[in-house]
Every structure is written in structure tokens, then in C-alpha cells.
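Participant: File follows, data23.cif with mmCIF, C-alpha atoms and all ligand atoms:
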data_entry
loop_
_atom_site.label_atom_id
_atom_site.label_comp_id
_atom_site.auth_asym_id
_atom_site.auth_seq_id
_atom_site.Cartn_x
_atom_site.Cartn_y
_atom_site.Cartn_z
CA MET A 4 16.75 3.72 20.43
CA THR A 5 19.43 1.39 19.01
CA LEU A 6 18.27 -2.21 18.95
CA THR A 7 20.43 -5.25 18.20
CA THR A 8 19.45 -7.60 15.40
CA ALA A 9 18.79 -10.31 18.01
CA ARG A 10 16.43 -8.02 19.92
CA LEU A 11 14.61 -7.03 16.72
CA GLN A 12 14.23 -10.69 15.75
CA ALA A 13 12.84 -11.46 19.21
CA ILE A 14 10.33 -8.60 18.83
CA LEU A 15 9.14 -9.95 15.46
CA SER A 16 8.74 -13.46 16.92
CA GLU A 17 6.83 -12.17 19.96
CA ILE A 18 4.49 -10.15 17.72
CA THR A 19 3.89 -13.20 15.51
CA ASP A 20 3.12 -15.45 18.49
CA LEU A 21 0.61 -12.94 19.85
CA ALA A 22 -1.06 -12.47 16.44
CA ARG A 23 -1.35 -16.24 15.96
CA ALA A 24 -2.96 -16.58 19.40
CA SER A 25 -5.72 -14.10 18.51
CA ASP A 26 -9.22 -15.52 18.17
CA SER A 27 -10.55 -12.55 16.16
CA PRO A 28 -8.51 -12.20 12.97
CA GLY A 29 -11.08 -10.06 11.11
CA LYS A 30 -12.87 -10.81 7.86
CA VAL A 31 -11.22 -11.26 4.44
CA ALA A 32 -12.15 -8.97 1.50
CA ASP A 33 -14.80 -11.17 -0.07
CA TYR A 34 -16.00 -8.45 -2.46
CA ILE A 35 -13.10 -9.60 -4.66
CA PRO A 36 -14.15 -13.24 -5.26
CA GLU A 37 -10.59 -14.44 -5.81
CA LEU A 38 -9.58 -13.16 -2.34
CA ALA A 39 -12.66 -14.58 -0.56
CA CYS A 40 -11.19 -18.03 0.05
CA ILE A 41 -7.91 -16.93 1.67
CA ASP A 42 -7.32 -18.30 5.18
CA PRO A 43 -7.50 -15.30 7.59
CA ARG A 44 -5.32 -17.12 10.13
CA GLN A 45 -2.08 -16.35 8.31
CA PHE A 46 0.33 -13.77 9.66
CA ALA A 47 3.72 -12.48 8.59
CA ILE A 48 6.01 -9.62 9.51
CA ALA A 49 9.26 -8.54 7.87
CA LEU A 50 11.74 -5.80 8.70
CA ALA A 51 14.17 -4.42 6.13
CA ARG A 52 16.98 -2.02 6.99
CA PRO A 53 19.28 -0.40 4.41
CA GLY A 54 22.47 -2.41 4.02
CA LYS A 55 21.43 -5.10 6.54
CA PRO A 56 19.78 -8.52 6.20
CA THR A 57 15.98 -8.56 6.22
CA LEU A 58 14.44 -10.13 9.32
CA VAL A 59 11.21 -12.14 9.10
CA ALA A 60 8.74 -14.07 11.26
CA GLY A 61 5.58 -16.04 10.52
CA ASP A 62 4.36 -16.76 6.98
CA ALA A 63 6.85 -14.33 5.43
CA ALA A 64 7.47 -16.51 2.37
CA VAL A 65 3.79 -16.68 1.32
CA PRO A 66 2.91 -14.28 -1.53
CA PHE A 67 -0.23 -12.18 -1.07
CA SER A 68 -2.12 -9.63 -3.15
CA ILE A 69 -0.69 -6.21 -2.30
CA GLN A 70 -3.84 -4.43 -3.61
CA SER A 71 -3.80 -0.77 -2.50
CA VAL A 72 -0.21 -0.88 -1.28
CA SER A 73 0.55 -0.72 -5.04
CA LYS A 74 -0.80 2.85 -5.00
CA VAL A 75 2.45 4.00 -3.32
CA PHE A 76 4.56 2.62 -6.15
CA MET A 77 2.24 3.99 -8.86
CA LEU A 78 2.31 7.39 -7.16
CA ALA A 79 6.12 7.37 -7.24
CA LEU A 80 5.96 6.60 -10.99
CA ALA A 81 3.33 9.29 -11.65
CA LEU A 82 5.34 11.93 -9.76
CA GLY A 83 8.46 10.83 -11.65
CA LYS A 84 6.61 11.33 -14.92
CA MET A 85 4.63 14.51 -14.23
CA GLY A 86 6.11 16.09 -11.11
CA ASP A 87 3.84 18.56 -9.34
CA ARG A 88 1.49 18.76 -12.33
CA LEU A 89 -0.14 15.64 -10.92
CA TRP A 90 -1.68 17.74 -8.13
CA ALA A 91 -3.89 19.59 -10.61
CA ARG A 92 -5.77 16.29 -10.99
CA VAL A 93 -5.69 14.86 -7.45
CA GLY A 94 -5.48 16.45 -3.99
CA ARG A 95 -3.35 15.83 -0.90
CA GLU A 96 -5.94 15.88 1.87
CA PRO A 97 -7.26 12.99 3.96
CA SER A 98 -10.77 12.06 2.85
CA GLY A 99 -12.31 10.79 6.08
CA GLN A 100 -14.30 8.43 3.83
CA ALA A 101 -14.02 4.77 2.88
CA PHE A 102 -11.53 3.92 0.14
CA TYR A 103 -14.30 3.28 -2.41
CA SER A 104 -16.34 6.41 -1.61
CA MET A 105 -17.71 8.76 -4.29
CA LEU A 106 -18.97 11.37 -1.87
CA HIS A 107 -16.17 13.93 -2.20
CA LEU A 108 -15.89 13.30 -5.92
CA GLU A 109 -19.43 14.58 -6.28
CA LEU A 110 -18.82 17.57 -4.01
CA GLU A 111 -15.41 18.47 -5.41
CA LYS A 112 -16.13 18.21 -9.10
CA GLY A 113 -14.15 15.16 -10.02
CA ARG A 114 -10.83 15.97 -8.32
CA PRO A 115 -10.24 13.12 -5.83
CA ARG A 116 -9.07 14.06 -2.35
CA ASN A 117 -5.79 12.08 -2.44
CA PRO A 118 -3.91 9.45 -4.47
CA PHE A 119 -4.59 6.60 -2.01
CA ILE A 120 -8.39 6.41 -2.11
CA ASN A 121 -9.59 4.49 -5.16
CA ALA A 122 -10.74 7.53 -7.12
CA GLY A 123 -7.34 9.21 -6.65
CA ALA A 124 -5.43 6.05 -7.47
CA ILE A 125 -7.44 5.63 -10.67
CA VAL A 126 -6.34 9.16 -11.67
CA THR A 127 -2.71 8.38 -10.75
CA THR A 128 -2.75 5.21 -12.87
CA ASP A 129 -4.45 7.12 -15.69
CA ALA A 130 -1.60 9.68 -15.58
CA VAL A 131 1.06 6.95 -15.85
CA LEU A 132 -0.94 5.38 -18.69
CA GLN A 133 -1.11 8.61 -20.73
CA GLY A 134 0.96 8.14 -23.90
CA ALA A 135 1.72 4.52 -22.95
CA SER A 136 0.03 1.15 -23.35
CA PRO A 137 -1.24 -0.81 -20.33
CA SER A 138 1.59 -3.31 -20.76
CA GLU A 139 4.15 -0.49 -20.84
CA ALA A 140 2.67 1.13 -17.69
CA LEU A 141 2.49 -2.22 -15.88
CA GLY A 142 5.98 -3.11 -17.11
CA ALA A 143 7.26 0.16 -15.61
CA LEU A 144 5.52 -0.67 -12.32
CA LEU A 145 7.00 -4.16 -12.17
CA ARG A 146 10.47 -2.83 -13.03
CA PHE A 147 10.11 -0.26 -10.25
CA VAL A 148 9.06 -2.72 -7.52
CA ARG A 149 11.63 -5.30 -8.61
CA ALA A 150 14.38 -2.68 -8.53
CA ALA A 151 13.15 -1.35 -5.17
CA ALA A 152 13.07 -4.86 -3.66
CA ASN A 153 16.19 -5.97 -5.56
CA ASP A 154 14.19 -9.06 -6.48
CA ASP A 155 13.03 -10.11 -9.97
CA ASP A 156 10.67 -12.74 -8.63
CA ILE A 157 7.69 -10.38 -8.23
CA HIS A 158 4.66 -10.95 -10.47
CA MET A 159 0.98 -10.16 -11.00
CA ASN A 160 -1.78 -12.67 -10.35
CA GLU A 161 -3.92 -12.65 -13.50
CA ARG A 162 -6.83 -14.45 -11.80
CA VAL A 163 -7.08 -11.74 -9.13
CA ALA A 164 -7.00 -9.02 -11.82
CA GLN A 165 -9.74 -10.75 -13.85
CA SER A 166 -11.80 -11.27 -10.71
CA GLU A 167 -11.86 -7.51 -10.14
CA ILE A 168 -12.46 -6.70 -13.80
CA ALA A 169 -15.59 -8.87 -13.57
CA THR A 170 -16.90 -7.46 -10.28
CA GLY A 171 -15.39 -3.99 -9.71
CA HIS A 172 -18.57 -2.07 -10.52
CA ARG A 173 -17.94 0.69 -8.03
CA ASN A 174 -14.50 1.36 -9.52
CA PHE A 175 -16.10 1.51 -12.98
CA ALA A 176 -18.61 4.02 -11.59
CA LEU A 177 -15.72 6.10 -10.17
CA ALA A 178 -13.87 5.99 -13.51
CA HIS A 179 -16.95 7.05 -15.46
CA TYR A 180 -17.56 9.83 -12.98
CA LEU A 181 -13.96 11.04 -13.39
CA LEU A 182 -14.42 10.91 -17.16
CA SER A 183 -17.59 12.99 -16.93
CA HIS A 184 -15.54 15.67 -15.16
CA GLY A 185 -12.75 15.55 -17.74
CA ASN A 186 -10.36 13.93 -15.26
CA LEU A 187 -9.67 10.69 -17.14
CA ALA A 188 -7.42 10.70 -20.22
CA ASN A 189 -7.97 7.08 -21.24
CA THR A 190 -11.12 4.98 -21.50
CA PRO A 191 -12.44 3.55 -18.19
CA ASP A 192 -11.74 0.04 -19.53
CA LEU A 193 -8.10 0.82 -20.27
CA THR A 194 -7.37 2.69 -17.04
CA LEU A 195 -9.20 0.20 -14.83
CA GLY A 196 -7.66 -2.79 -16.60
CA THR A 197 -4.28 -1.30 -15.67
CA TYR A 198 -5.40 -0.37 -12.14
CA PHE A 199 -6.78 -3.86 -11.38
CA HIS A 200 -3.55 -5.46 -12.63
CA GLN A 201 -1.43 -3.13 -10.48
CA CYS A 202 -3.55 -4.14 -7.44
CA ALA A 203 -2.97 -7.81 -8.36
CA VAL A 204 0.80 -7.61 -7.84
CA GLU A 205 1.79 -10.30 -5.35
CA MET A 206 4.64 -10.13 -2.88
CA THR A 207 5.72 -11.91 0.25
CA ALA A 208 6.05 -9.82 3.41
CA ALA A 209 9.84 -10.01 2.99
CA GLN A 210 9.63 -8.72 -0.60
CA LEU A 211 7.26 -5.91 0.41
CA ALA A 212 9.51 -4.77 3.26
CA ASN A 213 12.45 -4.76 0.83
CA ALA A 214 10.41 -2.87 -1.78
CA GLY A 215 9.70 -0.17 0.83
CA LEU A 216 13.39 0.55 1.39
CA PHE A 217 13.37 3.28 -1.26
CA LEU A 218 11.14 5.31 1.11
CA VAL A 219 13.50 4.93 4.08
CA GLY A 220 16.20 7.18 2.63
CA GLY A 221 19.86 7.39 3.60
CA SER A 222 23.01 6.44 1.71
CA ASP A 223 22.51 2.65 1.83
CA ALA A 224 18.86 2.70 0.67
CA PRO A 225 17.94 2.25 -3.01
CA ARG A 226 17.82 5.73 -4.57
CA LEU A 227 14.76 5.59 -6.84
CA VAL A 228 13.23 8.97 -5.92
CA SER A 229 14.67 12.19 -4.50
CA PRO A 230 14.87 12.82 -0.72
CA GLN A 231 12.24 15.55 -1.09
CA ARG A 232 9.86 13.11 -2.77
CA ILE A 233 10.52 10.47 -0.10
CA ARG A 234 9.47 12.96 2.55
CA ARG A 235 6.33 13.92 0.66
CA ILE A 236 5.23 10.35 -0.09
CA ASN A 237 5.73 9.48 3.58
CA ALA A 238 3.59 12.49 4.55
CA LEU A 239 0.79 11.26 2.28
CA MET A 240 1.08 7.74 3.72
CA MET A 241 0.78 9.12 7.24
CA THR A 242 -2.25 11.30 6.49
CA CYS A 243 -4.11 9.24 3.87
CA GLY A 244 -2.60 5.72 3.72
CA HIS A 245 -5.32 4.05 5.81
CA TYR A 246 -8.33 6.00 4.43
CA ASP A 247 -10.82 6.91 7.18
CA GLY A 248 -8.61 4.91 9.57
CA SER A 249 -5.53 7.09 8.92
CA GLY A 250 -5.93 9.16 12.08
CA ASP A 251 -6.37 6.01 14.14
CA TYR A 252 -3.24 4.42 12.59
CA ALA A 253 -1.20 7.58 13.23
CA TYR A 254 -2.47 7.64 16.82
CA ARG A 255 -1.79 3.98 17.50
CA VAL A 256 1.36 3.41 15.43
CA GLY A 257 2.81 6.81 14.62
CA LEU A 258 4.44 5.75 11.36
CA PRO A 259 3.62 6.42 7.70
CA GLY A 260 1.77 3.39 6.37
CA LYS A 261 -0.17 2.09 3.39
CA SER A 262 -2.68 -0.72 3.65
CA GLY A 263 -4.36 -2.95 1.08
CA VAL A 264 -7.47 -5.14 1.22
CA GLY A 265 -5.25 -8.18 0.68
CA GLY A 266 -4.27 -7.62 4.33
CA GLY A 267 -0.84 -6.15 3.73
CA ILE A 268 0.52 -3.00 5.39
CA LEU A 269 3.78 -1.28 4.48
CA SER A 270 5.09 1.10 7.15
CA ILE A 271 8.18 3.26 7.02
CA VAL A 272 10.43 4.27 9.92
CA PRO A 273 12.09 7.25 8.19
CA GLY A 274 15.85 6.90 8.04
CA VAL A 275 15.74 3.52 9.81
CA ALA A 276 13.63 0.73 8.34
CA SER A 277 10.76 -0.51 6.22
CA VAL A 278 8.29 -2.91 7.83
CA ALA A 279 5.70 -5.12 6.13
CA VAL A 280 2.96 -7.02 7.92
CA TRP A 281 0.38 -9.30 6.40
CA SER A 282 -2.75 -10.83 7.81
CA PRO A 283 -5.73 -11.16 5.43
CA GLY A 284 -8.53 -10.47 7.95
CA LEU A 285 -9.66 -6.81 7.85
CA ASN A 286 -11.12 -4.34 10.35
CA HIS A 287 -14.11 -2.15 9.51
CA TYR A 288 -11.94 0.38 7.65
CA GLY A 289 -10.76 -2.38 5.27
CA ASN A 290 -7.25 -2.40 6.82
CA SER A 291 -5.61 -5.56 8.19
CA LYS A 292 -6.92 -6.12 11.71
CA LEU A 293 -4.07 -8.18 13.14
CA GLY A 294 -1.61 -6.25 10.98
CA THR A 295 -2.63 -2.95 12.59
CA GLU A 296 -2.46 -4.49 16.07
CA ALA A 297 0.96 -5.91 15.23
CA MET A 298 2.26 -2.54 14.04
CA GLU A 299 0.99 -0.90 17.21
CA ARG A 300 2.92 -3.48 19.24
CA PHE A 301 5.97 -3.07 16.99
CA ALA A 302 6.04 0.71 17.54
CA ARG A 303 5.73 0.21 21.29
CA LEU A 304 8.40 -2.48 21.57
CA THR A 305 10.94 -0.73 19.33
CA GLY A 306 10.13 2.83 20.40
CA TRP A 307 10.16 3.64 16.67
CA SER A 308 7.59 6.28 15.79
CA VAL A 309 7.96 9.68 14.16
CA PHE A 310 6.31 11.17 17.26
CA GLY A 311 8.74 9.62 19.77
CA PRO A 312 8.56 6.46 21.85
CA THR A 313 5.26 5.28 23.33
N1 LIG B 401 -8.35 -3.33 -5.83
C1 LIG B 401 -9.05 -2.86 -4.66
C2 LIG B 401 -10.21 -1.98 -5.08
O1 LIG B 401 -10.04 -1.23 -5.98
C3 LIG B 401 -8.09 -2.09 -3.80
C4 LIG B 401 -8.74 -1.53 -2.55
C5 LIG B 401 -7.88 -1.58 -1.35
O2 LIG B 401 -6.89 -2.31 -1.27
N2 LIG B 401 -8.28 -0.84 -0.33
O3 LIG B 401 -11.27 -2.04 -4.51
#
Turn the structure described in the file into C-alpha cells.
Facilitator:
Amino acid sequence: MTLTTARLQAILSEITDLARASDSPGKVADYIPELACIDPRQFAIALARPGKPTLVAGDAAVPFSIQSVSKVFMLALALGKMGDRLWARVGREPSGQAFYSMLHLELEKGRPRNPFINAGAIVTTDAVLQGASPSEALGALLRFVRAAANDDDIHMNERVAQSEIATGHRNFALAHYLLSHGNLANTPDLTLGTYFHQCAVEMTAAQLANAGLFLVGGSDAPRLVSPQRIRRINALMMTCGHYDGSGDYAYRVGLPGKSGVGGGILSIVPGVASVAVWSPGLNHYGNSKLGTEAMERFARLTGWSVFGPT
């Protein structure tokens, strides 16, 4: 379906009005102390299309912690560095478990199910860190997201990173478990220090939508990875990007997506657009509650879904 810019802007405004009228915005991720005090009543949506101006509605100029959405960018870097050798260390199957789960790690001898659950993301970060220092790996990540978004004003929030370093016991347990299985090349402190900083990257919804353009493809999109890799990263986002809520997101929205506990979701309409939503309150999967509802509405109103219109 071809939609005019005016119609798309009206859709974003309608979605924002409905989200702001909701009286159940979900609960913020208070297990990261620095995120506990964020007002759950904020909402933003942004739509980026290759070669066209980015459209926004709501609090789209407020930076938020992208958290696990960063795993998409780190995966692109890891694949750029190692290619398919990465898959010897991490799988490509949905886990059906919470993002912090250790269950499969125990059963599958230290090879995490996919790069988007925490255990898999820790391995991905560890791979990028091999032969580099944390500041080099994080510098490469920042350069990548800034180039993808065409925006140098993207930074990390040191307080959020330190907050997780002080309290991320489960992630330390995962890292030590990976190490015990020979699937960690650096020390847990070094890999997790890097991982927590990558999660602490902050972006506005507009910046995140722009940063997702490299996964849209086409001649006007930033060419940071090959078309084959775009397709594969989108496949992983569709099947694993929302953890044990991935099937539900595919059912309701029908687009590849990656969520973070900061309340951000990046979704890709292949060949067409990159969409970012942000609302800090989470559902029981740890994905943005109003953000998921907004994306469901967005897919319905635009007819944009890889499975056809709803
Ligand atoms: N930094 C968070 C953690 O490791 C990321 C989790 C998430 O966004 N789902 O727990």
C-alpha cells in the first residue's frame, strides 16, 4: 500500500494519542536502579524511510536507554568481524525463555540459543572484544550507530552502565557459566563491562528509527552490511527479537523487531521503512507494553507487515 507522508504523519499522531490515553502503561525495569525512576507515561514513535524526512510524534526528542536494541548493532559488528564463524559460538533458534534465562545454557553446554537473549549477546560482545580493548569495541559500536543514523550526537550514559555493573549479578552468572564452557575469550569483568556500556547507549526515537535504516535495504538506505546479511539479521529479529514474546510480536505485528528493557522497540518494514517506538513501561516479557500495542496498531493502519495486510 502506498501511503502519503500526510497520511503516515496522521497515523503516528493517532497512535500517540491512543497510547497517551492508556491507563495501563506497564511497569518500568526497576531491576536496573538507574532506570527505576523513569516516568512510564512517556511515549514516542518515529518513522524513517530511505531518502525521505523522518516523521515523529510524541516524546521523540527525549533520549532513552536502548538496552537490548543495541544487540542488533553489536551482532552486525560481530558478523562483520567473524562472518559465519560466529555461529559456532551462538545459535539461531528462538529460546522460548526470558531474556535473562540460564536454562538452555545448562542443557546445551554453554552455546546460547541466539544472539538476542543475554547469554548470546554476551558471547557476541565477547567476539567483538577479542583482540580489542573495551574502548575500541565500544568506539566501533558508536561509530556504527552514528554512521547508521547519520548523527554524531549519540552517546552512552555512564550512570546507567555503572548501575548495571553494580547490580547485574545474573549477567555475571551467565558470563561465568559461558567461561566454564570455554565460550568466553575475555574475563567476565571485561566482557560485561563492555556489554553494560553497549546497553547504556541512549538515543531518541527519531535517532533509533534513523539508525535502523541500514536494515531496510534498497539503494537510498545506508549500506553498512550486505543485502544477504540484512535479510538474515531481520530473520533473527523476527524469530528471537522479543525473547519468549517473539511469536506473539510476529502474530500481532508481523514485522522483524528488537526490544529493550528501556522500553524501546526497533521494527523494520523490509524495503520500506524503519520504525522506532518508545514507552518505558514493560509487559511481562520485558518488552514495551504500549510500544507493542502501538506497533500492532501501526501494522494495521499502514497494512505494512511481511505477512500481508491485517
Ligand atoms: N542490560 C539489560 C540486561 O542485561 C538488557 C536486557 C534487555 O534489554 N532485555 O539485563
Participant: Neighbouring residues of ligand LIG 401 (chain B) are defined here as those with any atom at most 8 Å from a ligand atom, counting only C-alpha atoms and all ligand atoms; list them as an MDAnalysis selection string.
Facilitator: chainID A and resid 35 69:72 102:103 120:121 167 171 174 198:199 202:203 262:265 289:290
Participant: Name the residues in contact with region 132-148 of chain A at a cut-off of 8 Å, using only C-alpha atoms, excluding same-chain residues fewer than 5 positions from it; report them as a PyMOL selection string.
Facilitator: chain A and resi 76-77+80+157-158+188-189+193-194+196-197+200-201+214
Participant: CA of Ala13 (chain A) and CA of Leu304 (chain A) are how many Å apart?
Facilitator: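 Separation between CA of Ala13 (chain A) and CA of Leu304 (chain A): 10.3 Å.
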Participant: From the options A:Arg303, A:His245, A:Lys74, A:Lys84, which residue's atoms come nearest to Ile125 (chain A), counting only C-alpha atoms?
Facilitator: A:Lys74
Participant: So, with all atoms listed in the file as the atoms that count, which of A:Gly83, A:Gly306, A:Pro225, A:Gly257 lies closest to Asn213 (chain A)?
Facilitator: A:Pro225
Participant: Let me make sure I understand: among A:Leu269, A:Leu89, A:Val163, A:Ile168, which one has the smallest atom-to-atom distance to Leu218 (chain A) if we use only C-alpha atoms?
Facilitator: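 Smallest distance to Leu218 (chain A) is found for A:Leu269.
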Participant: Go ahead and compute the interatomic distance for CA of Leu108 (chain A) and CA of His179 (chain A), in Å to one decimal.
Facilitator: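 Going from CA of Leu108 (chain A) over to CA of His179 (chain A), I get 11.5 Å.
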Participant: Could you name the residues that touch Gly274 (chain A) at 8 Å or less, counting only C-alpha atoms, but leaving out those on the same chain fewer than 3 positions away, as a PyMOL selection string?
Facilitator: chain A and resi 219-221
Participant: To one decimal in Å, tell me the separation between CA of Pro53 (chain A) and CA of Asp223 (chain A).
Facilitator: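 One can read the CA of Pro53 (chain A) to CA of Asp223 (chain A) distance as 5.1 Å.
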Participant: Using all atoms listed in the file, collect all residues at a distance of at most 12 Å from (-2.6, 17.0, -6.8) as written in the file, then present them as JSON, numbers by chain.
Facilitator: {"A": [78, 81, 82, 85, 86, 87, 88, 89, 90, 91, 92, 93, 94, 95, 96, 114, 115, 116, 117, 118, 119, 123, 124, 126, 127, 130, 186, 239]}
Participant: Compile the contact shell of Phe301 (chain A) as an MDAnalysis selection string: residues with an atom at most 9 Å away, counting only C-alpha atoms, same-chain residues fewer than 3 positions apart removed.
Facilitator: chainID A and resid 14:15 18 256 296:298 304:307
Participant: Hey, what's within 9 Å of Thr190 (chain A) if we count all atoms listed in the file and toss same-chain stuff fewer than 5 positions away? As a list in words, please?
Facilitator: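 The neighbour list is Ala178, His179, Leu182 and Leu195 of chain A.
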Participant: Closest to Met159 (chain A) among A:Val204, A:Leu21, A:Leu58, A:Ala279, using all atoms listed in the file?
Facilitator: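 Looking at the shortest contact to Met159 (chain A), the residue is A:Val204.
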Participant: Generate N, CA and C atoms for region 54-79 of chain A and emit them as an mmCIF file, keeping the file's coordinate frame.
Facilitator:
data_model
loop_
_atom_site.group_PDB
_atom_site.id
_atom_site.type_symbol
_atom_site.label_atom_id
_atom_site.label_comp_id
_atom_site.auth_asym_id
_atom_site.auth_seq_id
_atom_site.Cartn_x
_atom_site.Cartn_y
_atom_site.Cartn_z
ATOM 1 N N GLY A 54 21.143 -1.829 3.848
ATOM 2 C CA GLY A 54 22.470 -2.410 4.020
ATOM 3 C C GLY A 54 22.557 -3.537 5.032
ATOM 4 N N LYS A 55 21.412 -4.015 5.537
ATOM 5 C CA LYS A 55 21.430 -5.100 6.540
ATOM 6 C C LYS A 55 20.493 -6.214 6.096
ATOM 7 N N PRO A 56 20.682 -7.437 6.604
ATOM 8 C CA PRO A 56 19.780 -8.520 6.200
ATOM 9 C C PRO A 56 18.345 -8.275 6.681
ATOM 10 N N THR A 57 17.400 -8.705 5.870
ATOM 11 C CA THR A 57 15.980 -8.560 6.220
ATOM 12 C C THR A 57 15.593 -9.627 7.244
ATOM 13 N N LEU A 58 14.879 -9.202 8.270
ATOM 14 C CA LEU A 58 14.440 -10.130 9.320
ATOM 15 C C LEU A 58 12.971 -10.475 9.088
ATOM 16 N N VAL A 59 12.597 -11.720 9.332
ATOM 17 C CA VAL A 59 11.210 -12.140 9.100
ATOM 18 C C VAL A 59 10.705 -13.012 10.236
ATOM 19 N N ALA A 60 9.369 -13.106 10.345
ATOM 20 C CA ALA A 60 8.740 -14.070 11.260
ATOM 21 C C ALA A 60 7.371 -14.413 10.689
ATOM 22 N N GLY A 61 6.886 -15.610 11.016
ATOM 23 C CA GLY A 61 5.580 -16.040 10.520
ATOM 24 C C GLY A 61 5.637 -16.475 9.073
ATOM 25 N N ASP A 62 4.500 -16.260 8.356
ATOM 26 C CA ASP A 62 4.360 -16.760 6.980
ATOM 27 C C ASP A 62 4.984 -15.782 5.977
ATOM 28 N N ALA A 63 6.221 -15.413 6.209
ATOM 29 C CA ALA A 63 6.850 -14.330 5.430
ATOM 30 C C ALA A 63 7.294 -14.770 4.047
ATOM 31 N N ALA A 64 7.118 -16.054 3.718
ATOM 32 C CA ALA A 64 7.470 -16.510 2.370
ATOM 33 C C ALA A 64 6.223 -16.773 1.530
ATOM 34 N N VAL A 65 5.039 -16.445 2.067
ATOM 35 C CA VAL A 65 3.790 -16.680 1.320
ATOM 36 C C VAL A 65 3.429 -15.405 0.551
ATOM 37 N N PRO A 66 3.288 -15.487 -0.782
ATOM 38 C CA PRO A 66 2.910 -14.280 -1.530
ATOM 39 C C PRO A 66 1.447 -13.934 -1.296
ATOM 40 N N PHE A 67 1.160 -12.649 -1.219
ATOM 41 C CA PHE A 67 -0.230 -12.180 -1.070
ATOM 42 C C PHE A 67 -0.461 -11.018 -2.033
ATOM 43 N N SER A 68 -1.740 -10.690 -2.224
ATOM 44 C CA SER A 68 -2.120 -9.630 -3.150
ATOM 45 C C SER A 68 -1.879 -8.281 -2.470
ATOM 46 N N ILE A 69 -1.014 -7.445 -3.044
ATOM 47 C CA ILE A 69 -0.690 -6.210 -2.300
ATOM 48 C C ILE A 69 -1.804 -5.162 -2.439
ATOM 49 N N GLN A 70 -2.684 -5.321 -3.441
ATOM 50 C CA GLN A 70 -3.840 -4.430 -3.610
ATOM 51 C C GLN A 70 -3.435 -2.944 -3.484
ATOM 52 N N SER A 71 -4.023 -2.218 -2.523
ATOM 53 C CA SER A 71 -3.800 -0.770 -2.500
ATOM 54 C C SER A 71 -2.401 -0.341 -2.073
ATOM 55 N N VAL A 72 -1.592 -1.271 -1.574
ATOM 56 C CA VAL A 72 -0.210 -0.880 -1.280
ATOM 57 C C VAL A 72 0.477 -0.492 -2.602
ATOM 58 N N SER A 73 -0.019 -1.056 -3.724
ATOM 59 C CA SER A 73 0.550 -0.720 -5.040
ATOM 60 C C SER A 73 0.405 0.770 -5.362
ATOM 61 N N LYS A 74 -0.562 1.429 -4.700
ATOM 62 C CA LYS A 74 -0.800 2.850 -5.000
ATOM 63 C C LYS A 74 0.417 3.707 -4.655
ATOM 64 N N VAL A 75 1.216 3.258 -3.691
ATOM 65 C CA VAL A 75 2.450 4.000 -3.320
ATOM 66 C C VAL A 75 3.441 3.957 -4.484
ATOM 67 N N PHE A 76 3.589 2.761 -5.072
ATOM 68 C CA PHE A 76 4.560 2.620 -6.150
ATOM 69 C C PHE A 76 4.083 3.358 -7.406
ATOM 70 N N MET A 77 2.771 3.282 -7.686
ATOM 71 C CA MET A 77 2.240 3.990 -8.860
ATOM 72 C C MET A 77 2.351 5.503 -8.650
ATOM 73 N N LEU A 78 2.157 5.961 -7.426
ATOM 74 C CA LEU A 78 2.310 7.390 -7.160
ATOM 75 C C LEU A 78 3.754 7.831 -7.428
ATOM 76 N N ALA A 79 4.712 7.019 -6.998
ATOM 77 C CA ALA A 79 6.120 7.370 -7.240
ATOM 78 C C ALA A 79 6.380 7.475 -8.749
#
